[in-house]
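As structure tokens, the structure follows; a few thoughts come after it.
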Amino acid sequence: MTTQPALRTQNLGKRYRKGWALRDCTLELPPGRVSALVGPNGAGKTTLLRLAVGLLTPTTGSVEVLGESPATNTVRALTRIGFLAQDHPLYRQFTVADLLRFGRSCNVRFDHELAARRLTRLGIPLHARAGALSGGQQSQVALTLALAKRPDLLVLDEPLSSLDPLARQEFQRTLMGAVADSRLTVLFSSHALHELERVCDHLVVINHGRVVLAGDIESLLAEHRLLVGPRVGTDHRDPSVIEVSHSDRHTTMLVRQAATPVIPGWQANPVGLDELVLAYLRRPADPDAEDREQTA
Ligand SMILES: Nc1ncnc2c1ncn2[C@@H]1O[C@H](COP(=O)(O)OP(=O)(O)OP(=O)(O)O)[C@@H](O)[C@H]1O
């Protein structure tokens with residue numbers, strides 16, 4: 001069994017005319033897992049996903065998908081990658097059946113049976129024109145085309161955003177089924193924090209173009225604790241303290257040090273995934289990182 005990361009980035013960065021969209025991104029995604037990429041609007045998620053699939057060229061650093069660069073080894077690497085863009089563009093004049101035929105003619109591994117079966121199950125008629133389908137149906141067609149390509153890495157930019165709750169659940173089941181059947185690796189961006197734990201086992205949090213947290217979700221939750229105790233002053237330079245808040249009499253601290261003994265009089269509570277992600281997103285950008293890069 002291969003232990004090669006499905007996606008590896010090293011100091012990856014992308015600069016547009018107005019500034020950096022992604023900086024100093026070093027990541028490894030484990031194969032055969034579902035990873036979520038979360039962060040606020042403008043954080044750099046789409047930029048990272050487009051770099052991963054070879055649609056953008058890095059300004060700095062490198063990206064590898066299953067050991068190959070999508071930028072330099074285009075044909076071979078791209079047959080192994082499925083990508084669903086945020087606006088899931090489809091040829092609007094094509095019928096769904098035309099799109100399946102087109103998919104088959106462009107991809108040697110295309111599984112026409114799987115695609116037709118999934119669309120029929122979802123009640124999407126093959127004779128309908130793509131432009132006449134609802135937004136949610138169009139995104140289901142686009143997702144089906146990406147899945148039918150039988151990629152090793154499936155990259156999805158906000159696939160949940162146009163789906164209703166039933167369709168979201170079906171989507172989650174489909175992803176988990178595909179991962180279990182074929183050791184597919186999935187990376188998808190999402191704002192739906194409360195739904196992530198059900199479908200993902202790995203998390204990447206990005207803010208201001210930088211990765212601020214990444215890892216296996218279970219381990220991340222086990223490594224963090226919410227400490228509650230009598231009000232105290234806190235050392236803001238302590239890197240294990242992620243966030244501090246005070247009420248009149250109490251101090252609450254989110255810390256990354258699960259194994260440290262709790263101070264008498266303090267309570268240590270587990271932290272939820274939403275709470276953890278939001279605490280990292282509320283942290284101010286690291287001004288030292290900028291200095292470090294300028295002097296490097
Ligand atoms: N083609 C482009 N030209 C110039 N700047 C861009 C371009 N694409 C993205 N940016 C800028 O890069 C930054 C990151 O954008 P990106 O689309 O990656 O964010 P995002 O996290 O996907 O946001 P959202 O959640 O809103 O989709 C933003 O400041 C954006 O304005």
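Just remember, in the structure tokens the first chain shown is A, the second B, etc., residues are 1-based per chain, and ligands are 1-based in the order shown.
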task = Kindly compile the residues surrounding ligand 1 within 9 Å, counting only C-alpha atoms and all ligand atoms, and format them as a ChimeraX atom specification.
result = /A:14-22,38-50,86,157-158,189-191,206-209
query = Quick one: DSSP strand (DSSP E or B) residues in stretch 165-257 of chain A, as a PyMOL selection string?
reply = chain A and resi 185-189+202-207+210-216+224-230+241-246+250-256
Can I get the selected residues back with N, CA and C atoms, as an mmCIF file, in the first residue's frame?
```cif
data_model
loop_
_atom_site.group_PDB
_atom_site.id
_atom_site.type_symbol
_atom_site.label_atom_id
_atom_site.label_comp_id
_atom_site.auth_asym_id
_atom_site.auth_seq_id
_atom_site.Cartn_x
_atom_site.Cartn_y
_atom_site.Cartn_z
ATOM 1 N N THR A 185 -8.740 9.930 -3.036
ATOM 2 C CA THR A 185 -8.459 10.998 -2.069
ATOM 3 C C THR A 185 -9.289 12.209 -2.486
ATOM 4 N N VAL A 186 -9.931 12.827 -1.513
ATOM 5 C CA VAL A 186 -10.773 13.991 -1.828
ATOM 6 C C VAL A 186 -10.270 15.202 -1.049
ATOM 7 N N LEU A 187 -10.202 16.331 -1.743
ATOM 8 C CA LEU A 187 -9.934 17.609 -1.070
ATOM 9 C C LEU A 187 -11.047 18.548 -1.499
ATOM 10 N N PHE A 188 -11.811 19.034 -0.520
ATOM 11 C CA PHE A 188 -12.857 19.975 -0.924
ATOM 12 C C PHE A 188 -12.925 21.169 0.005
ATOM 13 N N SER A 189 -13.254 22.325 -0.578
ATOM 14 C CA SER A 189 -13.369 23.534 0.230
ATOM 15 C C SER A 189 -14.825 23.701 0.635
ATOM 16 N N HIS A 202 -9.663 14.753 7.693
ATOM 17 C CA HIS A 202 -8.461 15.576 7.687
ATOM 18 C C HIS A 202 -8.885 17.017 7.399
ATOM 19 N N LEU A 203 -8.144 17.961 7.975
ATOM 20 C CA LEU A 203 -8.576 19.356 7.889
ATOM 21 C C LEU A 203 -7.401 20.273 7.557
ATOM 22 N N VAL A 204 -7.661 21.254 6.694
ATOM 23 C CA VAL A 204 -6.683 22.313 6.440
ATOM 24 C C VAL A 204 -7.427 23.636 6.627
ATOM 25 N N VAL A 205 -6.922 24.477 7.523
ATOM 26 C CA VAL A 205 -7.553 25.792 7.743
ATOM 27 C C VAL A 205 -6.610 26.852 7.206
ATOM 28 N N ILE A 206 -7.160 27.758 6.416
ATOM 29 C CA ILE A 206 -6.336 28.767 5.753
ATOM 30 C C ILE A 206 -6.946 30.136 6.040
ATOM 31 N N ASN A 207 -6.067 31.111 6.300
ATOM 32 C CA ASN A 207 -6.530 32.480 6.568
ATOM 33 C C ASN A 207 -5.479 33.458 6.055
ATOM 34 N N ARG A 210 -2.527 31.981 4.335
ATOM 35 C CA ARG A 210 -1.576 31.096 5.020
ATOM 36 C C ARG A 210 -2.303 29.948 5.702
ATOM 37 N N VAL A 211 -1.646 28.772 5.733
ATOM 38 C CA VAL A 211 -2.216 27.643 6.466
ATOM 39 C C VAL A 211 -2.015 27.908 7.952
ATOM 40 N N VAL A 212 -3.115 27.934 8.707
ATOM 41 C CA VAL A 212 -2.985 28.218 10.144
ATOM 42 C C VAL A 212 -3.197 26.954 10.989
ATOM 43 N N LEU A 213 -3.755 25.909 10.391
ATOM 44 C CA LEU A 213 -3.948 24.652 11.113
ATOM 45 C C LEU A 213 -4.130 23.548 10.084
ATOM 46 N N ALA A 214 -3.494 22.386 10.315
ATOM 47 C CA ALA A 214 -3.687 21.263 9.390
ATOM 48 C C ALA A 214 -3.426 19.975 10.131
ATOM 49 N N GLY A 215 -4.200 18.953 9.812
ATOM 50 C CA GLY A 215 -3.939 17.653 10.429
ATOM 51 C C GLY A 215 -5.169 16.780 10.455
ATOM 52 N N ASP A 216 -4.966 15.599 11.018
ATOM 53 C CA ASP A 216 -6.026 14.626 11.198
ATOM 54 C C ASP A 216 -7.034 15.194 12.217
ATOM 55 N N HIS A 224 -6.202 19.623 21.621
ATOM 56 C CA HIS A 224 -6.652 20.928 22.122
ATOM 57 C C HIS A 224 -7.614 20.758 23.293
ATOM 58 N N ARG A 225 -7.555 21.698 24.217
ATOM 59 C CA ARG A 225 -8.444 21.706 25.379
ATOM 60 C C ARG A 225 -8.915 23.126 25.636
ATOM 61 N N LEU A 226 -10.141 23.215 26.159
ATOM 62 C CA LEU A 226 -10.666 24.512 26.572
ATOM 63 C C LEU A 226 -10.546 24.572 28.094
ATOM 64 N N LEU A 227 -9.636 25.404 28.603
ATOM 65 C CA LEU A 227 -9.426 25.491 30.053
ATOM 66 C C LEU A 227 -10.250 26.642 30.605
ATOM 67 N N VAL A 228 -10.979 26.361 31.691
ATOM 68 C CA VAL A 228 -11.789 27.413 32.326
ATOM 69 C C VAL A 228 -11.384 27.492 33.791
ATOM 70 N N GLY A 229 -11.079 28.702 34.263
ATOM 71 C CA GLY A 229 -10.661 28.854 35.657
ATOM 72 C C GLY A 229 -10.855 30.274 36.126
ATOM 73 N N PRO A 230 -10.378 30.570 37.351
ATOM 74 C CA PRO A 230 -10.515 31.940 37.866
ATOM 75 C C PRO A 230 -9.767 32.929 36.991
ATOM 76 N N VAL A 241 -1.029 28.767 23.773
ATOM 77 C CA VAL A 241 -2.320 29.416 24.022
ATOM 78 C C VAL A 241 -2.837 29.974 22.693
ATOM 79 N N ILE A 242 -3.930 29.418 22.240
ATOM 80 C CA ILE A 242 -4.464 29.799 20.926
ATOM 81 C C ILE A 242 -5.401 30.998 21.045
ATOM 82 N N GLU A 243 -6.223 30.986 22.103
ATOM 83 C CA GLU A 243 -7.176 32.094 22.270
ATOM 84 C C GLU A 243 -7.521 32.232 23.750
ATOM 85 N N VAL A 244 -7.694 33.477 24.186
ATOM 86 C CA VAL A 244 -8.050 33.740 25.591
ATOM 87 C C VAL A 244 -9.249 34.668 25.621
ATOM 88 N N SER A 245 -10.197 34.381 26.512
ATOM 89 C CA SER A 245 -11.264 35.366 26.736
ATOM 90 C C SER A 245 -11.532 35.429 28.242
ATOM 91 N N HIS A 246 -12.025 36.577 28.671
ATOM 92 C CA HIS A 246 -12.266 36.772 30.102
ATOM 93 C C HIS A 246 -13.718 37.209 30.330
ATOM 94 N N HIS A 250 -13.967 34.853 35.354
ATOM 95 C CA HIS A 250 -13.340 33.651 34.791
ATOM 96 C C HIS A 250 -12.474 33.963 33.571
ATOM 97 N N THR A 251 -11.529 33.080 33.356
ATOM 98 C CA THR A 251 -10.734 33.131 32.129
ATOM 99 C C THR A 251 -10.940 31.808 31.387
ATOM 100 N N THR A 252 -11.127 31.903 30.079
ATOM 101 C CA THR A 252 -11.246 30.709 29.243
ATOM 102 C C THR A 252 -10.096 30.738 28.251
ATOM 103 N N MET A 253 -9.382 29.616 28.168
ATOM 104 C CA MET A 253 -8.235 29.559 27.250
ATOM 105 C C MET A 253 -8.347 28.325 26.372
ATOM 106 N N LEU A 254 -8.185 28.525 25.090
ATOM 107 C CA LEU A 254 -8.049 27.365 24.203
ATOM 108 C C LEU A 254 -6.548 27.093 24.081
ATOM 109 N N VAL A 255 -6.136 25.891 24.490
ATOM 110 C CA VAL A 255 -4.694 25.589 24.473
ATOM 111 C C VAL A 255 -4.427 24.338 23.644
ATOM 112 N N ARG A 256 -3.224 24.306 23.079
ATOM 113 C CA ARG A 256 -2.818 23.125 22.324
ATOM 114 C C ARG A 256 -1.792 22.376 23.166
#
```
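With only C-alpha atoms as the atoms that count, the residue of A:Thr3, A:Ser247, A:Thr144, A:Gln137 with the shortest distance to A:Ala167 is A:Gln137.
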query = Residues of stretch 204-274 of chain A in alpha helix (DSSP H) according to DSSP, as a ChimeraX atom specification?
reply = /A:217-223,273-274
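Of the listed residues A:Ser219, A:Ser134, A:Gln257, A:Ser35, the one whose atoms come nearest to A:Leu156 is A:Ser35, with distances taken using only C-alpha atoms.
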message = Could you list, as a ChimeraX atom specification, every residue within 12 Å of A:Arg101, counting only C-alpha atoms and ignoring same-chain residues fewer than 5 positions away?
response = /A:94-96,106-108,110-113,115-116,126,145,148-149
